[in-house]
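For reference, data32.pdb (PDB, C-alpha atoms):
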ATOM      1  CA  ILE A 178     208.391  88.027 156.898
ATOM      2  CA  LEU A 179     207.562  84.885 158.850
ATOM      3  CA  HIS A 180     210.284  85.289 161.529
ATOM      4  CA  PRO A 181     211.315  88.955 161.843
ATOM      5  CA  THR A 182     213.983  88.321 164.501
ATOM      6  CA  ILE A 183     215.759  85.709 162.373
ATOM      7  CA  HIS A 184     215.431  87.916 159.300
ATOM      8  CA  ALA A 185     216.971  90.867 161.169
ATOM      9  CA  CYS A 186     219.834  88.723 162.477
ATOM     10  CA  LYS A 187     220.630  87.456 158.969
ATOM     11  CA  GLN A 188     220.468  90.994 157.590
ATOM     12  CA  MET A 189     222.908  92.135 160.262
ATOM     13  CA  LEU A 190     225.271  89.238 159.512
ATOM     14  CA  ARG A 191     225.173  89.998 155.766
ATOM     15  CA  TYR A 192     225.964  93.648 156.478
ATOM     16  CA  LEU A 193     228.809  92.829 158.886
ATOM     17  CA  LYS A 194     230.312  90.287 156.462
ATOM     18  CA  SER A 195     230.262  92.880 153.692
ATOM     19  CA  GLN A 196     231.888  95.545 155.886
ATOM     20  CA  ARG A 197     234.482  93.742 157.965
ATOM     21  CA  GLY A 198     233.776  90.048 158.320
ATOM     22  CA  VAL A 199     232.448  88.019 161.219
ATOM     23  CA  SER A 200     235.061  86.277 163.343
ATOM     24  CA  ILE A 201     232.835  84.473 165.808
ATOM     25  CA  TYR A 202     229.149  83.826 166.324
ATOM     26  CA  CYS A 203     227.593  82.443 169.478
ATOM     27  CA  ASP A 204     224.031  82.166 170.667
ATOM     28  CA  MET A 205     223.485  81.437 174.339
ATOM     29  CA  HIS A 206     220.909  79.132 175.892
ATOM     30  CA  GLY A 207     219.896  77.577 179.154
ATOM     31  CA  HIS A 208     219.937  73.785 178.711
ATOM     32  CA  SER A 209     217.120  71.935 180.452
ATOM     33  CA  LYS A 210     218.506  68.371 180.418
ATOM     34  CA  LYS A 211     222.303  68.249 180.386
ATOM     35  CA  THR A 212     224.386  69.595 183.255
ATOM     36  CA  ASN A 213     227.400  71.933 183.150
ATOM     37  CA  MET A 214     228.364  74.785 180.836
ATOM     38  CA  PHE A 215     229.484  73.628 177.403
ATOM     39  CA  MET A 216     229.254  74.436 173.695
ATOM     40  CA  TYR A 217     227.853  72.963 170.558
ATOM     41  CA  GLY A 218     229.942  73.720 167.492
ATOM     42  CA  CYS A 219     230.332  72.580 163.903
ATOM     43  CA  THR A 220     232.896  70.339 162.211
ATOM     44  CA  SER A 221     234.180  70.816 158.679
ATOM     45  CA  ARG A 222     234.949  68.010 156.340
ATOM     46  CA  SER A 223     238.415  69.534 156.074
ATOM     47  CA  PRO A 224     240.780  67.942 158.635
ATOM     48  CA  THR A 225     242.914  71.109 158.678
ATOM     49  CA  MET A 226     239.956  73.146 159.971
ATOM     50  CA  ARG A 227     238.670  70.781 162.653
ATOM     51  CA  LEU A 228     241.023  71.810 165.449
ATOM     52  CA  LYS A 229     240.494  75.484 164.619
ATOM     53  CA  GLU A 230     236.757  74.971 165.082
ATOM     54  CA  ARG A 231     237.329  73.427 168.516
ATOM     55  CA  VAL A 232     239.955  75.794 169.879
ATOM     56  CA  PHE A 233     237.634  78.552 171.168
ATOM     57  CA  PRO A 234     235.719  76.232 173.533
ATOM     58  CA  TYR A 235     239.045  74.729 174.583
ATOM     59  CA  LEU A 236     240.410  78.179 175.462
ATOM     60  CA  ILE A 237     237.354  78.814 177.633
ATOM     61  CA  HIS A 238     237.771  75.402 179.279
ATOM     62  CA  SER A 239     241.407  76.125 180.084
ATOM     63  CA  GLU A 240     240.420  79.315 181.912
ATOM     64  CA  SER A 241     237.230  78.296 183.712
ATOM     65  CA  LEU A 242     236.378  75.535 186.143
ATOM     66  CA  LEU A 243     232.726  76.176 185.282
ATOM     67  CA  PHE A 244     233.096  75.142 181.630
ATOM     68  CA  SER A 245     233.309  71.503 180.530
ATOM     69  CA  TYR A 246     235.126  70.849 177.242
ATOM     70  CA  ASP A 247     234.316  67.144 177.612
ATOM     71  CA  ASP A 248     230.614  67.973 177.310
ATOM     72  CA  CYS A 249     231.100  69.941 174.075
ATOM     73  CA  ASN A 250     229.796  68.436 170.848
ATOM     74  CA  PHE A 251     230.925  69.437 167.356
ATOM     75  CA  LYS A 252     228.790  67.124 165.235
ATOM     76  CA  VAL A 253     226.102  68.618 163.038
ATOM     77  CA  GLN A 254     223.136  66.291 163.257
ATOM     78  CA  ARG A 255     220.460  66.405 160.582
ATOM     79  CA  CYS A 256     217.869  67.577 163.137
ATOM     80  CA  LYS A 257     220.129  70.537 164.067
ATOM     81  CA  GLU A 258     220.696  71.858 160.529
ATOM     82  CA  SER A 259     218.270  74.754 161.031
ATOM     83  CA  THR A 260     219.858  75.960 164.294
ATOM     84  CA  ALA A 261     221.457  79.387 164.255
ATOM     85  CA  ARG A 262     225.018  78.113 164.736
ATOM     86  CA  VAL A 263     224.747  75.705 161.778
ATOM     87  CA  VAL A 264     223.045  78.260 159.504
ATOM     88  CA  VAL A 265     225.679  80.891 160.336
ATOM     89  CA  TRP A 266     228.467  78.344 159.825
ATOM     90  CA  ARG A 267     227.128  77.125 156.462
ATOM     91  CA  GLU A 268     225.375  80.130 154.954
ATOM     92  CA  PHE A 269     227.765  82.829 156.195
ATOM     93  CA  GLN A 270     230.948  80.711 156.384
ATOM     94  CA  VAL A 271     231.709  81.736 159.976
ATOM     95  CA  LEU A 272     234.224  79.116 161.082
ATOM     96  CA  ASN A 273     233.725  79.819 164.788
ATOM     97  CA  SER A 274     229.982  79.371 165.146
ATOM     98  CA  TYR A 275     228.711  78.040 168.475
ATOM     99  CA  THR A 276     225.883  77.665 170.924
ATOM    100  CA  LEU A 277     226.925  78.217 174.542
ATOM    101  CA  GLU A 278     224.741  76.104 176.810
ATOM    102  CA  MET A 279     224.486  76.817 180.508
ATOM    103  CA  SER A 280     222.515  74.157 182.326
ATOM    104  CA  LEU A 281     219.425  75.179 184.205
ATOM    105  CA  GLY A 282     220.133  72.192 186.447
ATOM    106  CA  GLY A 283     223.642  73.257 187.404
ATOM    107  CA  GLY A 284     226.924  71.425 187.100
ATOM    108  CA  ASP A 285     228.226  67.990 188.030
ATOM    109  CA  PHE A 286     231.556  68.129 186.146
ATOM    110  CA  GLY A 287     231.800  64.471 185.280
ATOM    111  CA  GLU A 288     230.558  63.226 188.655
ATOM    112  CA  PRO A 289     227.092  61.907 187.726
ATOM    113  CA  GLU A 290     226.626  60.411 191.194
ATOM    114  CA  ALA A 291     227.153  63.801 192.819
ATOM    115  CA  ASP A 292     224.292  66.217 193.254
ATOM    116  CA  PRO A 293     224.665  69.013 190.708
ATOM    117  CA  PHE A 294     225.229  72.431 192.205
ATOM    118  CA  HIS A 295     223.221  75.345 190.876
ATOM    119  CA  PHE A 296     225.007  78.146 189.077
ATOM    120  CA  THR A 297     224.796  81.583 190.637
ATOM    121  CA  VAL A 298     224.589  84.999 189.012
ATOM    122  CA  ALA A 299     228.296  85.355 189.824
ATOM    123  CA  ASP A 300     228.976  82.082 187.938
ATOM    124  CA  TYR A 301     227.169  83.377 184.843
ATOM    125  CA  MET A 302     229.009  86.683 185.048
ATOM    126  CA  ALA A 303     232.337  84.849 185.402
ATOM    127  CA  MET A 304     231.490  82.789 182.304
ATOM    128  CA  GLY A 305     230.731  85.984 180.387
ATOM    129  CA  ARG A 306     234.089  87.420 181.405
ATOM    130  CA  THR A 307     235.895  84.201 180.440
ATOM    131  CA  PHE A 308     234.035  84.127 177.124
ATOM    132  CA  CYS A 309     235.281  87.652 176.306
ATOM    133  CA  GLU A 310     238.817  86.780 177.396
ATOM    134  CA  GLY A 311     238.649  83.744 175.090
ATOM    135  CA  ILE A 312     237.813  86.028 172.164
ATOM    136  CA  LEU A 313     240.825  88.178 173.049
ATOM    137  CA  ASP A 314     243.026  85.063 173.160
ATOM    138  CA  MET A 315     241.710  83.941 169.754
ATOM    139  CA  TYR A 316     242.705  87.192 168.089
ATOM    140  CA  ASP A 317     245.762  88.214 170.127
ATOM    141  CA  PRO A 318     248.513  89.018 167.582
ATOM    142  CA  SER A 319     251.079  87.178 169.734
ATOM    143  CA  ARG A 320     248.977  83.950 169.482
ATOM    144  CA  VAL A 321     250.622  82.604 172.668
ATOM    145  CA  ARG A 322     247.519  81.055 174.257
ATOM    146  CA  LEU A 323     245.973  80.159 170.895
ATOM    147  CA  ASP A 324     249.037  78.223 169.692
ATOM    148  CA  ALA A 325     249.404  76.466 173.058
ATOM    149  CA  ALA A 326     245.733  75.443 172.976
ATOM    150  CA  LEU A 327     246.032  74.151 169.404
ATOM    151  CA  LYS A 328     249.016  71.995 170.407
ATOM    152  CA  GLU A 329     247.082  70.575 173.374
ATOM    153  CA  LEU A 330     244.102  69.850 171.116
ATOM    154  CA  GLU A 331     246.358  67.973 168.667
ATOM    155  CA  LEU A 332     247.309  65.665 171.541
ATOM    156  CA  LEU A 333     243.672  65.286 172.669
ATOM    157  CA  HIS A 334     242.345  64.631 169.162
ATOM    158  CA  PRO A 335     245.082  62.922 167.112
ATOM    159  CA  GLU A 336     242.418  61.495 164.779
ATOM    160  CA  VAL A 337     241.106  64.935 163.819
TER     161      VAL A 337
END
The structure in this file should be written as structure tokens.
Amino acid sequence: ILHPTIHACKQMLRYLKSQRGVSIYCDMHGHSKKTNMFMYGCTSRSPTMRLKERVFPYLIHSESLLFSYDDCNFKVQRCKESTARVVVWREFQVLNSYTLEMSLGGGDFGEPEADPFHFTVADYMAMGRTFCEGILDMYDPSRVRLDAALKELELLHPEV
């Protein structure tokens, strides 16, 4: 086995898919060039799925001042086809497959002229909490926050 960690992760995903399914996948990184906290995701060719693939990052954005939805990117570039999020999305058909990026340089939140502020341990912990709350919102049987977020996304992305 050339890459035992990747092999083990794929084995675990295969097992989970066979037992109960995988609702969401996210790997987490520190980004060295871009500022802010944001996500990379994937976009289906199916227009009906595109908003569903963007709603999880939007839920996080709506609950956290630390997270920038505007900095999210959902395009799958050829050079990114071997990344974990794209492999999990394509090979395992996990609709909600993301990379959460948290800048090592801090956040500027759309103010490029401003000096970025550095994130603290408390900021990272708050993002973790918001991330978990976003998962709860995604799968809440009442769908209150999920449906509201989908409606807002329809207005933001009428072309999708």
Would you tabulate, counting only C-alpha atoms, all residues of range 271-303 of chain A that have an atom at most 6 Å from an atom of range 205-229 of chain A, showing the closest pair of atoms and their distance in Å to one decimal, sorted by chain then ascending number, as a Markdown table?
| residue | atom | partner | partner_atom | distance |
| --- | --- | --- | --- | --- |
| A:Tyr275 | CA | A:Gly218 | CA | 4.6 |
| A:Thr276 | CA | A:Tyr217 | CA | 5.1 |
| A:Leu277 | CA | A:Met216 | CA | 4.5 |
| A:Glu278 | CA | A:His206 | CA | 5.0 |
| A:Met279 | CA | A:Met214 | CA | 4.4 |
| A:Ser280 | CA | A:His208 | CA | 4.5 |
| A:Leu281 | CA | A:Ser209 | CA | 5.5 |
| A:Gly282 | CA | A:Thr212 | CA | 5.9 |
| A:Gly283 | CA | A:Thr212 | CA | 5.6 |
| A:Gly284 | CA | A:Asn213 | CA | 4.0 |
- Message: I want to know what sits within 12 Å of Ser195 in chain A, based on all atoms listed in the file, with residues of the same chain fewer than 6 positions away left out; could you give that as JSON, numbers by chain?
- Response: {"A": [188, 189, 269]}
- Query: Between A:Leu243, A:Val232, A:Val265, A:Cys249, which has the minimum distance to Leu190 in chain A (counting all atoms listed in the file)?
  - Reply: A:Val265
- Nearest to Leu323 in chain A by atom-to-atom distance, counting all atoms listed in the file, from A:Ser245, A:Pro234, A:Val199, A:Leu179: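 Distance minimum relative to Leu323 in chain A lands on A:Pro234.
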- Message: I'd like to know which of A:Leu272, A:Ile237, A:Val253, A:Cys186 is closest to Ala326 in chain A, using all atoms listed in the file.
- Response: A:Ile237
- How would you write, as number ranges by chain, the residues chosen by the PyMOL selection byres ((chain A and resi 309) around 12) on this structure? A: 201, 203, 233-234, 236-237, 240, 302-308, 310-316
- Query: Which residues, written as a list in words, have at least one atom at most 8 Å from Val263 in chain A, with all atoms listed in the file counted and residues fewer than 3 positions away on the same chain left out?
  - Reply: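 Listed by chain and then number, they are Gly218, Cys219, Val253, Lys257, Glu258, Ser259, Thr260, Trp266, Arg267 and Ser274 of chain A.
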- Item | Atom pair CA of His238 in chain A / CA of Leu333 in chain A: separation (Å) |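 Rounded to one decimal, the two atoms are 13.4 Å apart.
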